[in-house]
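Chemist: First the structure, then my questions, so here it is.
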Amino acid sequence: MTEDILRVHDLSTRYFTQDGQVNAVSNLDLRIERGEVFGIVGESGSGKSVTARSIMDLIEPPGEITGGEIKYRNGEFAETVADEHPNAVNGEFVNLLELPPNVRQSLRGTSFSMIFQDPESSFNPTLTVGEQLAEAVEVQRRASARPRSTRARTQSEEYSLGNFLLSTVLPSQKYITEESRERAIELLELVGIPDPVERADEYPHEYSGGMLQRAMIAQALAGEPDVLVADEPTTALDVTIQAQVLDLLDELQEETGMTILLITHNLGVIARMCDRVGVMYAGEIVERGSLEDVFDEQVHPYTQGLLGSVPDLEGATRRLQPIPGNVPSLLDHEMDDRCYFADRCPKAMEDCLEHPPEFEVPGSDDHEVRCVLAEMEYAESRAVPDDHFSETSRTAADKHADPDRTEDDVQPQRAEQPVDDSGGDRL
Amino acid sequence: MISDRVKSNLKQTFSESLLPKLGLLLLVSIVFMAIFAPVLATHDPTRTGHYSDQGTAYPPLGQDLTTQIAQDGDIVEVTVEPTSEHILGTNNVGQDVYSRFLYGARVSLIVGLLGTSMALAIGVPFGLVAGYYGGRVDDAMMRIADIMLAFPALVLALALIGVFGQTPIQVPDPIVLAGLADGMPESIPIPGMVTLVVALVTWVWFARVARGEALSIRNEEYVKAAKSFGTSDRTILLKHVLPNSLTPIIVLATIQVAVIILLEASLAYLGFSGTTLSWGYEIERGQDYLRTRPWISMLPGIGIVLAVISVNLLGDWFRDALDPNIEGEGR
Amino acid sequence: MTMGKFLIRRLLQGIFVIWGVITIMFGLRAVSPGDPATLMLGEGATQELIEHVREQEGLNEPIYVQYFDYLQGMVVGDFGYSWISNREVEAMVIERIPATVELAVAATVVAIVIAIPLGVISATRRNESADYGATLFSLLGISTPNFWLGLMLILILGVWAGIFPTGRRPVGFAEAVMTLVQHGSLYDLGIWLQYITLPALTLGTYFTALITRLTRSGMVDELGKPYVTASRAKGLPSVLVRYKHVLRNTMIPIITVLGLQMGTLLGGAVITETVFNWPGLGLRLIDALNARDWPLMQGIVVFIAIAFVSINIIVDSLYTYLNPQVREE
């Protein structure tokens with residue numbers, strides 16, 4: 001069964017900052033099959049986190065999804081929303097971007113859920129882990145108790161401020177029920193946390209990083225989602241813990257058959273977990289295909305460069321080969337109409353001065369690449385002179401030039417969102 | 001230290017937002033008004049007599065539009081509404097409201113700036129020493145600070161003034177001495193005790209902030225290095241700890257100027273100022289005539305609000321640009 | 001550290017602080033110019049009489065004896081006698097407490113009821129007109145001297161609009177409640193409410209503005225934290241994200257600031273009471289100062305310090321209770 005569960009077409013997400021428009025994700029195409037693990041790999045600032053958040057509908061101002069489709073296959077859901085939003089529905093697929101925010105919100109937790117890279121800051125420090133898991137369970141419980149109609153879904157905000165205020169005096173108005181608490185403990189047990197009953201009453205700071213990441217996985221599983229988005233799930237963890245968390249994800253995926261969208265900069269993680277892979281660069285997927293396609297038959301020089309910069313797990317002797325040059329600026333006015341990798345590409349040719357479309361790579365039925373090398377051989381005679389990009393490229397060797405440094409970059413989304421936080425005090 | 005980064009942050013925040021510009025404009029206007037009060041004023045603000053230069057009467061307020069006053073046996077008619085001579089009328093003792101408004105800016109600004117400087121001078125060394133040495137020294141010094149905090153600033157200020165009296169200090173007015181303004185008082189009274197007292201009741205906020213900074217700076221590598229070279233504590237405090245803790249202190253100092261202006265106004269309103277040439281005092285004077293001549297109290301109040309807003313806007317600007325994390329301290 | 005140990009340590013600190021306050025007040029009295037006996041008796045008293053009073057009051061004892069007598073009195077709750085009215089200071093303080101507490105509580109309620117929603121709206125609708133309005137309001141609020149604000153409220157709402165009475169209040173809260181209990185009449189309570197509105201607004205404005213600012217900036221910081229995104233990702237209703245998670249975490253540090261600000265509130269009460277002729281401790285303090293009535297002044301100041309310290313102990317305990325990271329340490 002290889003039906004698609006998610007089809008992303010032509011997705012563009014922009015940030016409108018004081019420095020100008022940032023094209024975090026541009027015209028991105030993506031297809032994820034039910035039950036597979038799809039990996040997105042790229043340097044920090046390549047737009048992979050923004051892609052994940054666009055799918056989750058977690059983009060916040062000044063960010064905005066400016067175009068494209070995110071189509072989610074769920075027959076039951078399609079029927080539910082067909083009456084009120086006919087143009088969003090196409091067969092079993094629903095284009096999520098055509099739905100109002102409250103309907104999309106109702107999908108979070110139940111159809112899509114997400115785990116984040118830094119478990120310590122992704123839990124509220126002042127509530128117990130059990131309470132926070134129970135919230136996620138309750139979201140699912142209330143969603144499934146809801147009558148299946150659009151109206152009910154659009155009125156999904158059934159827990160109002162009034163309820164919340166009442167809950168401070170009336171226990172019956174509390175959001176979380178006893179069953180949810182019990183289920184939360186079961187979930188903690190499921191992800192291998194010892195003494196789950198006691199642990200549920202502890203606060204995040206009493207957990208170790210690895211334990212907390214397990215708890216976050218449990219929280220994401222609470223809604224029994226179709227698609228689990230894992231954004232750098234192991235980056236913040238020790239190497240030994242990383243392996244345990246990946247094992248856990250593997251196991252859970254086998255048991256539940258859910259689909260995982262795995263975002264990482266770590267090719268080792270991709271190789272270990274994924275069925276199919278997309279390589280992101282400058283807000284685009286530059287190469288995608290099966291794991292074998294990308295790892296063994298890769299066409300794009302960027303993919304080659306990335307693979308060259310992975311420390312070999314078996315023989316740690318191979319030297320790292322960082323890709324020379326800088327992470328490209330995603331500011332709209334600084335992006336020329338060319339292959340965005342051309343300035344760092346060892347095989348840049350005159351043909352690369354025009355933005356390349358996606359080419360199908362011959363020899364595989366599902367391998368596409370955004371590089372002219374798919375259609376022609378590299379020819380020295382057509383090479384772009386070395387100094388062609390020197391005016392535009394910034395001089396200082398940016399630290400991001402070394403992809404290995406991204407390990408330290410705990411919050412890549414920060415780099416992508418030059419959000420102005422101080423703006424409010426102005427008139 | 002004031003690094004280039006800080007400067008560029010300040011510049012950027014300033015250029016991006018209207019509020020700091022407004023604050024600066026307001027403050028410059030008020031400072032101008034304060035300095036050139038003798039030139040801008042139309043009457044000697046302290047003259048309470050019933051006679052103007054022309055021999056006609058200054059009207060004391062609180063009487064009818066025209067009324068008769070016995071002066072040295074003579075009956076004279078006086079006017080109390082704003083006239084061409086007194087554009088905003090006079091107060092209950094016949095002083096020109098407009099001229100007093102101008103002079104009031106002086107007291108507010110001088111007490112605000114001097115009081116803050118004195119509070120800085122007491123609080124910063126205290127806090128730096130406590131934070132730098134830590135341990136028992138810190139404990140003992142912070143308990144003293146706790147005691148100071150237990151007094152509401154206004155209450156302690158009242159008590160201190162109640163004990164030590166009000167003691168205004170007469171300061172010669174350079175503008176009048178320079179011959180720029182005729183007929184204005186040659187010296188103005190600065191409420192000296194109030195200035196000292198506001199510093200005594202607010203220094204503890206500087207101590208708290210300076211201590212916090214010193215506590216973190218003393219663990220920095222460069223301080224440890226300096227220690228290992230045998231640099232004296234005094235040198236380390238002056239050369240390393242103080243410069244590196246300046247940012248939050250500057251932000252706090254700006255906020256404190258606003259707080260102290262308000263405190264001075266409150267003391268003057270309650271009659272504990274030592275000078276009558278103060279906005280707060282003038283509000284109290286006009287209070288009894290609120291129903292009939294509200295502007296006497298309104299005008300100085302607006303003066304206080306504008307002065308405090310201008311300083312607060314600058315404080316917000318510094319805070320936004322420097323991000324010192326001292327939210328809520330010292331108010 | 002357990003909660004019990006924390007409380008004991010905090011109580012001991014509080015006692016130390018109050019001792020410090022008492023000592024400073026004694027010191028001020030000792031260095032203050034003017035002879036107490038003369039002050040007590042007024043001008044024109046005979047030398048003989050003054051000497052008699054000095055002896056009686058222990059003013060001829062060495063200073064340390066006077067200090068210990070004074071401290072001893074304070075410990076057992078004997079604050080001495082007013083020099084002017086010759087009444088017990090404790091009684092003079094206690095009879096004025098309800099009015100001040102009513103005012104302070106009303107002002108705090110006003111501040112919290114207005115400021116928190118305003119701060120939340122401001123933070124969640126950043127750079128919209130509601131935010132600009134709230135920012136402007138809070139800027140004005142922290143920049144306006146409250147005595148002047150009080151006068152302007154009297155002028156505008158009392159004199160011009162005639163909505164609120166401006167005189168001294170005829171009935172206190174306790175009496176109003178008594179009327180309700182005995183006669184089932186809400187009339188006195190209504191009167192009480194009418195009279196307390198303007199003073200409460202006057203005293204509360206500064207706090208409203210301050211809490212609005214703190215809530216806004218705290219919430220903006222908090223909203224940017226990853227756990228907020230994570231809560232939204234798990235599908236939690238936005239009401240819960242906003243109030244159960246974000247607002248709660250925003251308020252935890254603000255609570256400590258508010259504890260420290262209680263000093264400003266009590267100081268503000270002094271001046272607000274003066275403006276509105278409100279029969280509370282503040283007004284009595286001003287009277288005592290003007291009359292140089294030392295024992296009364298000391299009694300009031302020490303009482304205010306005790307109130308401040310107690311409030312802060314409660315606030316610190318609350319903070320410790322609400323913040324699990326501190327609780328465990």
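Ordering of the structure tokens sets the chain letters (A, B, ...), residue numbers begin anew at 1 in every chain, and ligands are numbered from 1 in the order given.
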Write out as JSON lines the residues of segment 174-224 of chain B that have any atom within 6 Å of an atom of segment 132-154 of chain B, one row each with the nearest atom pair and its distance in Å to one decimal, counting only C-alpha atoms, sorted by chain and then rising number.

Modeler:
```
{"residue": "B:Val201", "atom": "CA", "partner": "B:Ala153", "partner_atom": "CA", "distance": 5.3}
{"residue": "B:Val204", "atom": "CA", "partner": "B:Ala145", "partner_atom": "CA", "distance": 5.9}
{"residue": "B:Ala214", "atom": "CA", "partner": "B:Tyr132", "partner_atom": "CA", "distance": 5.2}
{"residue": "B:Leu215", "atom": "CA", "partner": "B:Tyr132", "partner_atom": "CA", "distance": 5.7}
{"residue": "B:Arg218", "atom": "CA", "partner": "B:Tyr132", "partner_atom": "CA", "distance": 5.9}
```

Chemist: Enumerate as number ranges by chain all residues of segment 119-193 of chain B assigned to helix (DSSP H, G or I) by DSSP on the backbone, naming them with the chain letters and numbers the document uses.

Modeler: B: 119-133, 135-150, 153-164, 174-177, 192-193

Chemist: As a list in words, please: every residue in segment 43-254 of chain A that DSSP puts in strand (DSSP E or B).

Modeler: Gly63, Glu64, Ile65, Thr66, Gly67, Gly68, Glu69, Ile70, Lys71, Tyr72, Arg73, Val89, Asn90, Phe93, Val94, Asn95, Arg108, Phe112, Ser113, Met114, Ile115, Val227, Leu228, Val229, Ala230 and Asp231 of chain A

Chemist: With distances taken over only C-alpha atoms, which residue among C:Ile304, C:Met251, C:Val53, C:Ile191 lies nearest chain B?

Modeler: C:Ile304

Chemist: Produce a table with one row for each residue of chain C that has an atom at most 8 Å from any atom of chain A, each row naming the nearest atom pair and its distance in Å at one decimal; use only C-alpha atoms; arrange rows by chain and rising residue number; format as a tab-separated table.

Modeler:
```
residue	atom	partner	partner_atom	distance
C:Arg126	CA	A:Gly424	CA	5.7
C:Asn127	CA	A:Gly424	CA	5.3
C:Asp131	CA	A:Gly424	CA	7.4
C:Tyr132	CA	A:Leu427	CA	6.0
C:Thr135	CA	A:Asp425	CA	6.8
C:Val220	CA	A:Asp421	CA	7.8
C:Lys225	CA	A:Ser121	CA	7.3
C:Pro226	CA	A:Ser122	CA	5.0
C:Tyr227	CA	A:Ser122	CA	3.8
C:Val228	CA	A:Ser122	CA	7.5
C:Thr229	CA	A:Leu58	CA	7.1
C:Ala230	CA	A:Ser122	CA	5.8
C:Arg232	CA	A:Leu58	CA	7.6
C:Ala233	CA	A:Arg108	CA	5.9
C:Lys234	CA	A:Gly109	CA	4.3
C:Gly235	CA	A:Arg108	CA	4.5
C:Leu236	CA	A:Val139	CA	6.2
C:Pro237	CA	A:Glu157	CA	6.2
C:Ser238	CA	A:Glu157	CA	8.0
C:Val239	CA	A:Leu161	CA	5.9
C:Leu240	CA	A:Phe164	CA	7.4
C:His245	CA	A:Asn124	CA	7.0
C:Asn249	CA	A:Thr126	CA	7.1
C:Leu322	CA	A:Thr126	CA	7.4
C:Asn323	CA	A:Thr126	CA	6.0
C:Pro324	CA	A:Thr126	CA	5.9
C:Gln325	CA	A:His205	CA	7.1
```

Chemist: Using only C-alpha atoms, pick whichever of B:Val163, B:Leu18, B:Leu313, B:Leu270 has the shortest atom-to-atom distance to chain A.

Modeler: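 Answer, going by the shortest atom-to-atom distance: B:Leu18.
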
Chemist: Taking only C-alpha atoms into account, report as a list in words which residues of chain B lie within 8 Å of chain A.

Modeler: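 Going by the stated atoms only, the list reads Ser17, Leu18, Leu19 and Asp320 of chain B.
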
Chemist: Show me, as a ChimeraX atom specification, the residues that have an atom within 9 Å of Glu284 of chain B when counting only C-alpha atoms, minus same-chain residues fewer than 6 positions from it.

Modeler: /B:268-271,297 /C:148

Chemist: My list of candidates is C:Leu12, C:Ile116, C:Val76, C:Ile18. Which is closest to chain B when distances are computed with only C-alpha atoms?

Modeler: C:Ile18

Chemist: Which polymer residues have any atom within 12 Å of an atom of Tyr187 of chain C, counting only C-alpha atoms, with same-chain residues fewer than 3 positions away left out, as a PyMOL selection string?

Modeler: chain C and resi 171+173+175-181+183-184+190-194

Chemist: Take the residues just selected and output them with N, CA, C and O atoms as a PDB file, in the first residue's frame.

Modeler:
```
ATOM      1  N   VAL C 171     -19.392  56.676  55.669  1.00  0.00           N
ATOM      2  CA  VAL C 171     -19.563  55.337  56.187  1.00  0.00           C
ATOM      3  C   VAL C 171     -18.422  54.438  55.727  1.00  0.00           C
ATOM      4  O   VAL C 171     -17.961  54.517  54.593  1.00  0.00           O
ATOM      5  N   PHE C 173     -16.566  50.451  55.415  1.00  0.00           N
ATOM      6  CA  PHE C 173     -17.015  49.167  54.878  1.00  0.00           C
ATOM      7  C   PHE C 173     -17.708  48.339  55.968  1.00  0.00           C
ATOM      8  O   PHE C 173     -18.782  47.781  55.758  1.00  0.00           O
ATOM      9  N   GLU C 175     -19.209  49.266  58.685  1.00  0.00           N
ATOM     10  CA  GLU C 175     -20.533  49.795  59.023  1.00  0.00           C
ATOM     11  C   GLU C 175     -21.541  49.481  57.927  1.00  0.00           C
ATOM     12  O   GLU C 175     -22.692  49.147  58.192  1.00  0.00           O
ATOM     13  N   ALA C 176     -21.076  49.599  56.677  1.00  0.00           N
ATOM     14  CA  ALA C 176     -21.965  49.315  55.549  1.00  0.00           C
ATOM     15  C   ALA C 176     -22.420  47.867  55.587  1.00  0.00           C
ATOM     16  O   ALA C 176     -23.592  47.558  55.338  1.00  0.00           O
ATOM     17  N   VAL C 177     -21.485  46.980  55.928  1.00  0.00           N
ATOM     18  CA  VAL C 177     -21.847  45.562  56.008  1.00  0.00           C
ATOM     19  C   VAL C 177     -22.812  45.336  57.168  1.00  0.00           C
ATOM     20  O   VAL C 177     -23.775  44.569  57.060  1.00  0.00           O
ATOM     21  N   MET C 178     -22.586  46.061  58.258  1.00  0.00           N
ATOM     22  CA  MET C 178     -23.492  45.949  59.406  1.00  0.00           C
ATOM     23  C   MET C 178     -24.913  46.348  58.999  1.00  0.00           C
ATOM     24  O   MET C 178     -25.896  45.694  59.368  1.00  0.00           O
ATOM     25  N   THR C 179     -25.018  47.425  58.251  1.00  0.00           N
ATOM     26  CA  THR C 179     -26.334  47.855  57.781  1.00  0.00           C
ATOM     27  C   THR C 179     -26.996  46.753  56.977  1.00  0.00           C
ATOM     28  O   THR C 179     -28.186  46.471  57.111  1.00  0.00           O
ATOM     29  N   LEU C 180     -26.177  46.133  56.127  1.00  0.00           N
ATOM     30  CA  LEU C 180     -26.700  45.067  55.284  1.00  0.00           C
ATOM     31  C   LEU C 180     -27.202  43.910  56.145  1.00  0.00           C
ATOM     32  O   LEU C 180     -28.294  43.386  55.937  1.00  0.00           O
ATOM     33  N   VAL C 181     -26.403  43.559  57.139  1.00  0.00           N
ATOM     34  CA  VAL C 181     -26.763  42.406  57.971  1.00  0.00           C
ATOM     35  C   VAL C 181     -27.986  42.726  58.830  1.00  0.00           C
ATOM     36  O   VAL C 181     -28.927  41.949  58.918  1.00  0.00           O
ATOM     37  N   HIS C 183     -30.219  45.413  58.610  1.00  0.00           N
ATOM     38  CA  HIS C 183     -31.443  45.918  57.990  1.00  0.00           C
ATOM     39  C   HIS C 183     -31.690  45.323  56.613  1.00  0.00           C
ATOM     40  O   HIS C 183     -32.672  45.645  55.969  1.00  0.00           O
ATOM     41  N   GLY C 184     -30.752  44.505  56.152  1.00  0.00           N
ATOM     42  CA  GLY C 184     -30.899  43.957  54.815  1.00  0.00           C
ATOM     43  C   GLY C 184     -30.858  45.037  53.743  1.00  0.00           C
ATOM     44  O   GLY C 184     -31.361  44.855  52.644  1.00  0.00           O
ATOM     45  N   GLY C 190     -23.751  50.878  48.938  1.00  0.00           N
ATOM     46  CA  GLY C 190     -23.719  51.700  47.723  1.00  0.00           C
ATOM     47  C   GLY C 190     -22.988  53.008  47.959  1.00  0.00           C
ATOM     48  O   GLY C 190     -22.158  53.433  47.163  1.00  0.00           O
ATOM     49  N   ILE C 191     -23.284  53.630  49.087  1.00  0.00           N
ATOM     50  CA  ILE C 191     -22.617  54.878  49.449  1.00  0.00           C
ATOM     51  C   ILE C 191     -21.116  54.644  49.566  1.00  0.00           C
ATOM     52  O   ILE C 191     -20.292  55.386  49.026  1.00  0.00           O
ATOM     53  N   TRP C 192     -20.790  53.559  50.260  1.00  0.00           N
ATOM     54  CA  TRP C 192     -19.363  53.227  50.455  1.00  0.00           C
ATOM     55  C   TRP C 192     -18.668  53.093  49.104  1.00  0.00           C
ATOM     56  O   TRP C 192     -17.579  53.624  48.883  1.00  0.00           O
ATOM     57  N   LEU C 193     -19.330  52.392  48.206  1.00  0.00           N
ATOM     58  CA  LEU C 193     -18.763  52.152  46.881  1.00  0.00           C
ATOM     59  C   LEU C 193     -18.581  53.469  46.129  1.00  0.00           C
ATOM     60  O   LEU C 193     -17.562  53.702  45.489  1.00  0.00           O
ATOM     61  N   GLN C 194     -19.579  54.343  46.251  1.00  0.00           N
ATOM     62  CA  GLN C 194     -19.489  55.651  45.603  1.00  0.00           C
ATOM     63  C   GLN C 194     -18.276  56.422  46.085  1.00  0.00           C
ATOM     64  O   GLN C 194     -17.577  57.058  45.308  1.00  0.00           O
TER      65      GLN C 194
END
```
